[in-house]
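First comes the structure, then the notes that go with it.
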Amino acid sequence: MSKFKECDIKEFGLIPERWIVPKIGYYFDMSSGDSLTSKDIDEYEGTYTVYGANGERGYYSRYNTHGKHILLGRVGALCGNVHVIHGKNWVTEHALILTKRKEEIVEEYFGYLFETMNLGQYSKSSAQPVISVDTISQLKFIVPSVDEQKRIAGYLDFKCSEIDSLRADIEAEIETLEEYKKSVITEAVTKGLDRNAPMKDSGIEWIGNIPKQWSLIPFRYVLNERTEKNNPIRTDERLSLSIDIGVTLYADKTTNLDRYKDDVSQYKIAHEGDLVMNSMNVIVGAVGVSKWFGCVSPAYYTYFDNEPDSVTSRFCDYIFRTPSMRKILFSLGKGIMAIDRGEGRVNTCRLKVSREDLRKIVLPIPDVAEQRKIVRYLDDKCLEIDSIVEDKKKQLNVLADYKKSLIYEYVTGKKEVPNE
């Protein structure tokens with residue numbers, strides 16, 4: 001049974017008495033690697049690993065390294081990210097390469113240890129967070145014997161692999177549920193709920209056959225466009241659009257797709273029950289029915305029906321969320337689309353769907369009574385699926401927390417690797 005001592009690093013608490021607490025710079029050299037030219041990239045062979053913005057692959061990933069190293073993300077959102085690499089790899093200027101200078105270092109163990117140290121907290125405040133070499137080299141860390149490092153790393157590799165496998169299974173289940181939800185919506189808004197209903201050919205590829213009693217109507221005749229200005233000011237409740245959850249209060253927004261100016265008189269009015277679309281991002285699903293009376297950006301389109309429960313707006317919301325409709329909208333998008341992601345990193349896509357093009361889209365529309373049945377069915381079905389997905393995501397969070405706890409307990413010596 002190990003004897004323990006208080007560690008100089010407060011977040012580690014007690015550690016085995018025999019472990020030492022030196023500075024990181026005593027055991028590791030740190031560098032950014034060698035520059036790669038475009039010619040080098042064309043001729044590059046071996047394991048292809050890139051650590052850059054969002055893990056994207058591109059020429060801006062311009063450093064290479066050979067052998068086994070620990071990579072530490074040092075800039076922006078990558079700050080504190082830790083990876084152990086082995087072989088020939090590309091590494092961006094956003095990653096610090098830690099190379100052991102002493103044989104009593106097992107990189108896999110310290111990869112796990114550095115994860116628990118949250119090294120991103122030591123970044124300097126500037127336009128974006130940056131971790132300096134000097135800061136990291138002066139930090140203290142804990143070093144067990146080589147044999148203990150190997151045993152801990154091997155055990156954690158095995159246990160974390162089990163956890164990651166469970167996570168992958170759950171993520172696959174979530175993806176399947178999301179695809180199922182899309183298919184349920186598509187089926188309901190193009191085929192209805194009565195599987196025995198007589199059908200007819202719509203003559204439109206993405207719609208296919210529709211119930212015989214349904215109509216094919218251009219969007220301009222399905223909903224009325226609302227063009228009310230917020231001048232004089234009637235509301236200062238700003239509304240936004242989330243791709244995942246539709247219309248939200250701007251104060252609760254989950255994306256940076258839009259930014260409001262202080263003068264709300266420049267904006268348009270949206271009523272409760274209105275169908276709201278972001279003309280710039282409707283191609284990726286920025287559409288929803290508002291639960292509030294508020295103001296929206298002039299770049300938004302707002303539409304309404306004359307039903308007390310806004311059922312046609314809600315029915316259209318489901319139509320515009322189908323994968324087939326998103327393809328149609330994408331084909332109608334006009335404007336900027338430059339995705340180079342080379343050293344210039346030109347990553348932008350602002351394809352606007354014009355009002356006129358939107359108005360021409362032909363939709364499959366049943367009568368109002370059937371719309372109500374379909375909308376009620378989809379509301380209930382989507383709620384059921386979303387509830388299952390939410391439970392799955394909670395399971396992922398539990399596994400993530402368990403993995404963190406497991407790594408912490410073993411790399412700090414609070415638990416010993418069980419004997420085989």
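Residue numbering restarts at 1 for every chain of the structure tokens, chains are lettered A, B, ... in their displayed order, and ligands are numbered from 1 as they appear.
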
Closest atom pairs, region 91-205 of chain A residues within 12 Å of region 390-402 of chain A, only C-alpha atoms, as CSV:
```
residue,atom,partner,partner_atom,distance
A:Thr116,CA,A:Asp401,CA,11.9
A:Lys159,CA,A:Tyr402,CA,10.7
A:Cys160,CA,A:Tyr402,CA,9.8
A:Ser161,CA,A:Leu399,CA,11.9
A:Glu162,CA,A:Leu399,CA,10.4
A:Ile163,CA,A:Leu399,CA,6.8
A:Asp164,CA,A:Leu399,CA,8.5
A:Ser165,CA,A:Leu399,CA,10.6
A:Leu166,CA,A:Leu399,CA,8.3
A:Arg167,CA,A:Leu396,CA,6.1
A:Ala168,CA,A:Leu396,CA,9.3
A:Asp169,CA,A:Leu396,CA,10.1
A:Ile170,CA,A:Lys392,CA,6.5
A:Glu171,CA,A:Lys392,CA,8.0
A:Ala172,CA,A:Lys392,CA,10.3
A:Glu173,CA,A:Lys392,CA,8.1
A:Ile174,CA,A:Lys392,CA,6.9
A:Glu175,CA,A:Lys392,CA,10.6
A:Thr176,CA,A:Lys392,CA,11.7
A:Leu177,CA,A:Lys392,CA,10.2
A:Glu178,CA,A:Glu390,CA,11.3
```

Task: Within 12 Å of Asp367 (chain A) using only C-alpha atoms, minus same-chain residues under 4 positions, as a list in words - done: Gly192, Pro211, Lys212, Gln213, Trp214, Ser215, Leu216, Ile217, Val222, Val311, Thr312, Phe315, Gln371, Arg372, Lys373 and Ile374 of chain A

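For the residues A:Glu108, A:Asp274, A:Asp263, A:Glu370, ranking by smallest atom-to-atom distance to Glu148 (chain A) using only C-alpha atoms places A:Glu108 first.
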
TODO: Just list the residues in region 180-345 of chain A DSSP gives strand (DSSP E or B) on the backbone, as number ranges by chain.
DONE: A: 199-201, 209-211, 215-218, 224-225, 229, 238-242, 246-249, 268-270, 275-278, 287-289, 294-296, 300-304, 334-339

Written selection (N, CA and C atoms) as a short mmCIF file (atom, residue, chain, number, x, y, z; two decimals), in the first residue's frame:
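Generated file (result.cif):
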```cif
data_model
loop_
_atom_site.label_atom_id
_atom_site.label_comp_id
_atom_site.auth_asym_id
_atom_site.auth_seq_id
_atom_site.Cartn_x
_atom_site.Cartn_y
_atom_site.Cartn_z
N MET A 199 -52.81 7.73 -54.29
CA MET A 199 -51.73 8.67 -54.56
C MET A 199 -51.74 9.13 -56.01
N LYS A 200 -51.01 10.21 -56.26
CA LYS A 200 -50.81 10.71 -57.61
C LYS A 200 -49.38 11.21 -57.74
N ASP A 201 -48.89 11.26 -58.97
CA ASP A 201 -47.52 11.72 -59.21
C ASP A 201 -47.49 13.24 -59.15
N ASN A 209 -44.66 10.85 -55.26
CA ASN A 209 -46.11 10.70 -55.16
C ASN A 209 -46.66 11.40 -53.92
N ILE A 210 -47.83 12.00 -54.05
CA ILE A 210 -48.50 12.64 -52.92
C ILE A 210 -49.95 12.14 -52.89
N PRO A 211 -50.62 12.26 -51.73
CA PRO A 211 -52.03 11.86 -51.67
C PRO A 211 -52.85 12.59 -52.75
N SER A 215 -52.78 19.33 -52.77
CA SER A 215 -52.52 20.28 -53.86
C SER A 215 -51.04 20.61 -53.93
N LEU A 216 -50.59 21.02 -55.10
CA LEU A 216 -49.23 21.52 -55.29
C LEU A 216 -49.33 23.03 -55.49
N ILE A 217 -48.78 23.78 -54.52
CA ILE A 217 -49.00 25.22 -54.50
C ILE A 217 -47.68 25.97 -54.35
N PRO A 218 -47.40 26.97 -55.17
CA PRO A 218 -46.21 27.81 -54.96
C PRO A 218 -46.28 28.47 -53.57
N ASN A 224 -48.64 34.21 -46.16
CA ASN A 224 -48.57 35.65 -46.44
C ASN A 224 -47.27 36.20 -45.87
N GLU A 225 -46.60 37.04 -46.65
CA GLU A 225 -45.37 37.64 -46.12
C GLU A 225 -45.72 38.83 -45.24
N LYS A 229 -42.60 47.06 -40.24
CA LYS A 229 -41.37 47.64 -39.69
C LYS A 229 -41.55 47.90 -38.20
N ARG A 238 -35.56 41.29 -29.13
CA ARG A 238 -34.85 40.82 -30.31
C ARG A 238 -34.95 39.31 -30.42
N LEU A 239 -35.22 38.83 -31.62
CA LEU A 239 -35.33 37.39 -31.87
C LEU A 239 -34.20 36.94 -32.78
N SER A 240 -33.75 35.72 -32.59
CA SER A 240 -32.68 35.16 -33.39
C SER A 240 -33.10 33.79 -33.91
N LEU A 241 -32.24 33.16 -34.71
CA LEU A 241 -32.52 31.84 -35.26
C LEU A 241 -31.38 30.89 -34.95
N SER A 242 -31.71 29.74 -34.40
CA SER A 242 -30.73 28.68 -34.20
C SER A 242 -31.04 27.56 -35.19
N GLY A 246 -34.53 26.50 -33.96
CA GLY A 246 -35.43 27.49 -34.55
C GLY A 246 -35.32 28.86 -33.92
N VAL A 247 -36.46 29.54 -33.80
CA VAL A 247 -36.48 30.92 -33.28
C VAL A 247 -36.19 30.90 -31.79
N THR A 248 -35.28 31.76 -31.35
CA THR A 248 -34.93 31.90 -29.94
C THR A 248 -34.89 33.38 -29.58
N LEU A 249 -34.90 33.66 -28.31
CA LEU A 249 -34.64 35.02 -27.85
C LEU A 249 -33.16 35.33 -28.11
N LYS A 268 -37.49 44.37 -38.41
CA LYS A 268 -38.83 44.00 -38.81
C LYS A 268 -39.56 43.33 -37.64
N ILE A 269 -40.88 43.30 -37.75
CA ILE A 269 -41.71 42.69 -36.71
C ILE A 269 -41.97 41.22 -37.05
N ALA A 270 -41.94 40.38 -36.01
CA ALA A 270 -42.38 38.99 -36.12
C ALA A 270 -43.40 38.75 -35.01
N LEU A 275 -43.71 32.14 -39.33
CA LEU A 275 -42.59 31.36 -39.83
C LEU A 275 -41.47 32.33 -40.18
N VAL A 276 -40.31 32.14 -39.57
CA VAL A 276 -39.18 33.06 -39.74
C VAL A 276 -38.04 32.32 -40.44
N MET A 277 -37.44 32.97 -41.45
CA MET A 277 -36.32 32.39 -42.18
C MET A 277 -35.19 33.40 -42.28
N ASN A 278 -33.98 32.93 -42.08
CA ASN A 278 -32.80 33.77 -42.32
C ASN A 278 -32.40 33.57 -43.78
N VAL A 287 -34.47 28.21 -39.85
CA VAL A 287 -35.90 28.46 -40.06
C VAL A 287 -36.64 28.00 -38.81
N GLY A 288 -37.75 28.64 -38.48
CA GLY A 288 -38.52 28.23 -37.31
C GLY A 288 -39.76 29.07 -37.12
N VAL A 289 -40.64 28.60 -36.27
CA VAL A 289 -41.87 29.33 -35.92
C VAL A 289 -41.66 30.04 -34.60
N GLY A 294 -41.74 39.93 -31.41
CA GLY A 294 -40.45 40.60 -31.29
C GLY A 294 -40.00 41.15 -32.62
N CYS A 295 -38.73 41.56 -32.69
CA CYS A 295 -38.19 42.12 -33.92
C CYS A 295 -37.06 41.25 -34.43
N VAL A 296 -36.94 41.20 -35.76
CA VAL A 296 -35.92 40.36 -36.40
C VAL A 296 -35.13 41.19 -37.40
N TYR A 300 -34.05 38.73 -42.52
CA TYR A 300 -34.97 37.62 -42.29
C TYR A 300 -36.24 37.82 -43.11
N TYR A 301 -36.86 36.69 -43.48
CA TYR A 301 -38.19 36.71 -44.07
C TYR A 301 -39.17 36.22 -42.99
N THR A 302 -40.34 36.85 -42.92
CA THR A 302 -41.37 36.39 -41.98
C THR A 302 -42.68 36.17 -42.73
N TYR A 303 -43.35 35.06 -42.40
CA TYR A 303 -44.59 34.67 -43.07
C TYR A 303 -45.63 34.24 -42.04
N PHE A 304 -46.91 34.40 -42.42
CA PHE A 304 -47.98 34.04 -41.48
C PHE A 304 -49.18 33.47 -42.23
N LYS A 334 -27.51 32.32 -53.80
CA LYS A 334 -26.64 33.17 -54.64
C LYS A 334 -25.82 34.07 -53.72
N GLY A 335 -24.58 34.33 -54.12
CA GLY A 335 -23.74 35.21 -53.31
C GLY A 335 -22.36 34.63 -53.12
N ILE A 336 -21.74 34.93 -52.00
CA ILE A 336 -20.36 34.52 -51.73
C ILE A 336 -20.31 33.04 -51.39
N MET A 337 -19.34 32.34 -51.98
CA MET A 337 -19.06 30.97 -51.56
C MET A 337 -17.61 30.66 -51.90
N ALA A 338 -16.69 31.01 -51.01
CA ALA A 338 -15.27 30.79 -51.26
C ALA A 338 -14.70 29.96 -50.12
N ILE A 339 -14.49 28.66 -50.35
CA ILE A 339 -13.97 27.79 -49.30
C ILE A 339 -12.63 27.23 -49.77
#
```

TODO: Pick out the residues sitting within 12 Å of Ile319 (chain A), and hand them over as a PyMOL selection string; count only C-alpha atoms, and ignore anything fewer than 2 positions along from it in its own chain.
DONE: chain A and resi 182-191+206-207+219+275+285+287-288+312-317+321-326+328-329+361-365+371+374-375+378

- [ ] Calculate how many Å separate CA of Tyr27 (chain A) from CA of Arg101 (chain A), rounding to one decimal.
- [x] 5.5 Å

Task: Those of region 78-186 of chain A in DSSP helix (DSSP H, G or I), formatted as a ChimeraX atom specification - done: /A:78,107-117,119-122,133-138,146-186

- [ ] Kindly give the distance, in Å, that separates CA of Leu98 (chain A) and CA of Phe158 (chain A), rounded to a single decimal.
- [x]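 Between these atoms lies a distance of 24.0 Å.
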
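Take the candidates A:Thr412, A:Gly208, A:Ile243, A:Asp305 and check each one against Arg226 (chain A) using only C-alpha atoms; the shortest distance goes to A:Asp305.
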
Task: Separation of CA of Gly67 (chain A) from CA of Gly87 (chain A), in Å and rounded to one decimal - done: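 The value is 4.7 Å.
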
Task: Within 8 Å of Lys291 (chain A) using only C-alpha atoms, minus same-chain residues under 4 positions, as JSON, numbers by chain - done: {"A": [247, 271, 272, 273]}

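Counting only C-alpha atoms, the residue from A:Lys88, A:Glu103, A:Leu78, A:Arg151 that sits nearest to Ser123 (chain A) is A:Leu78.
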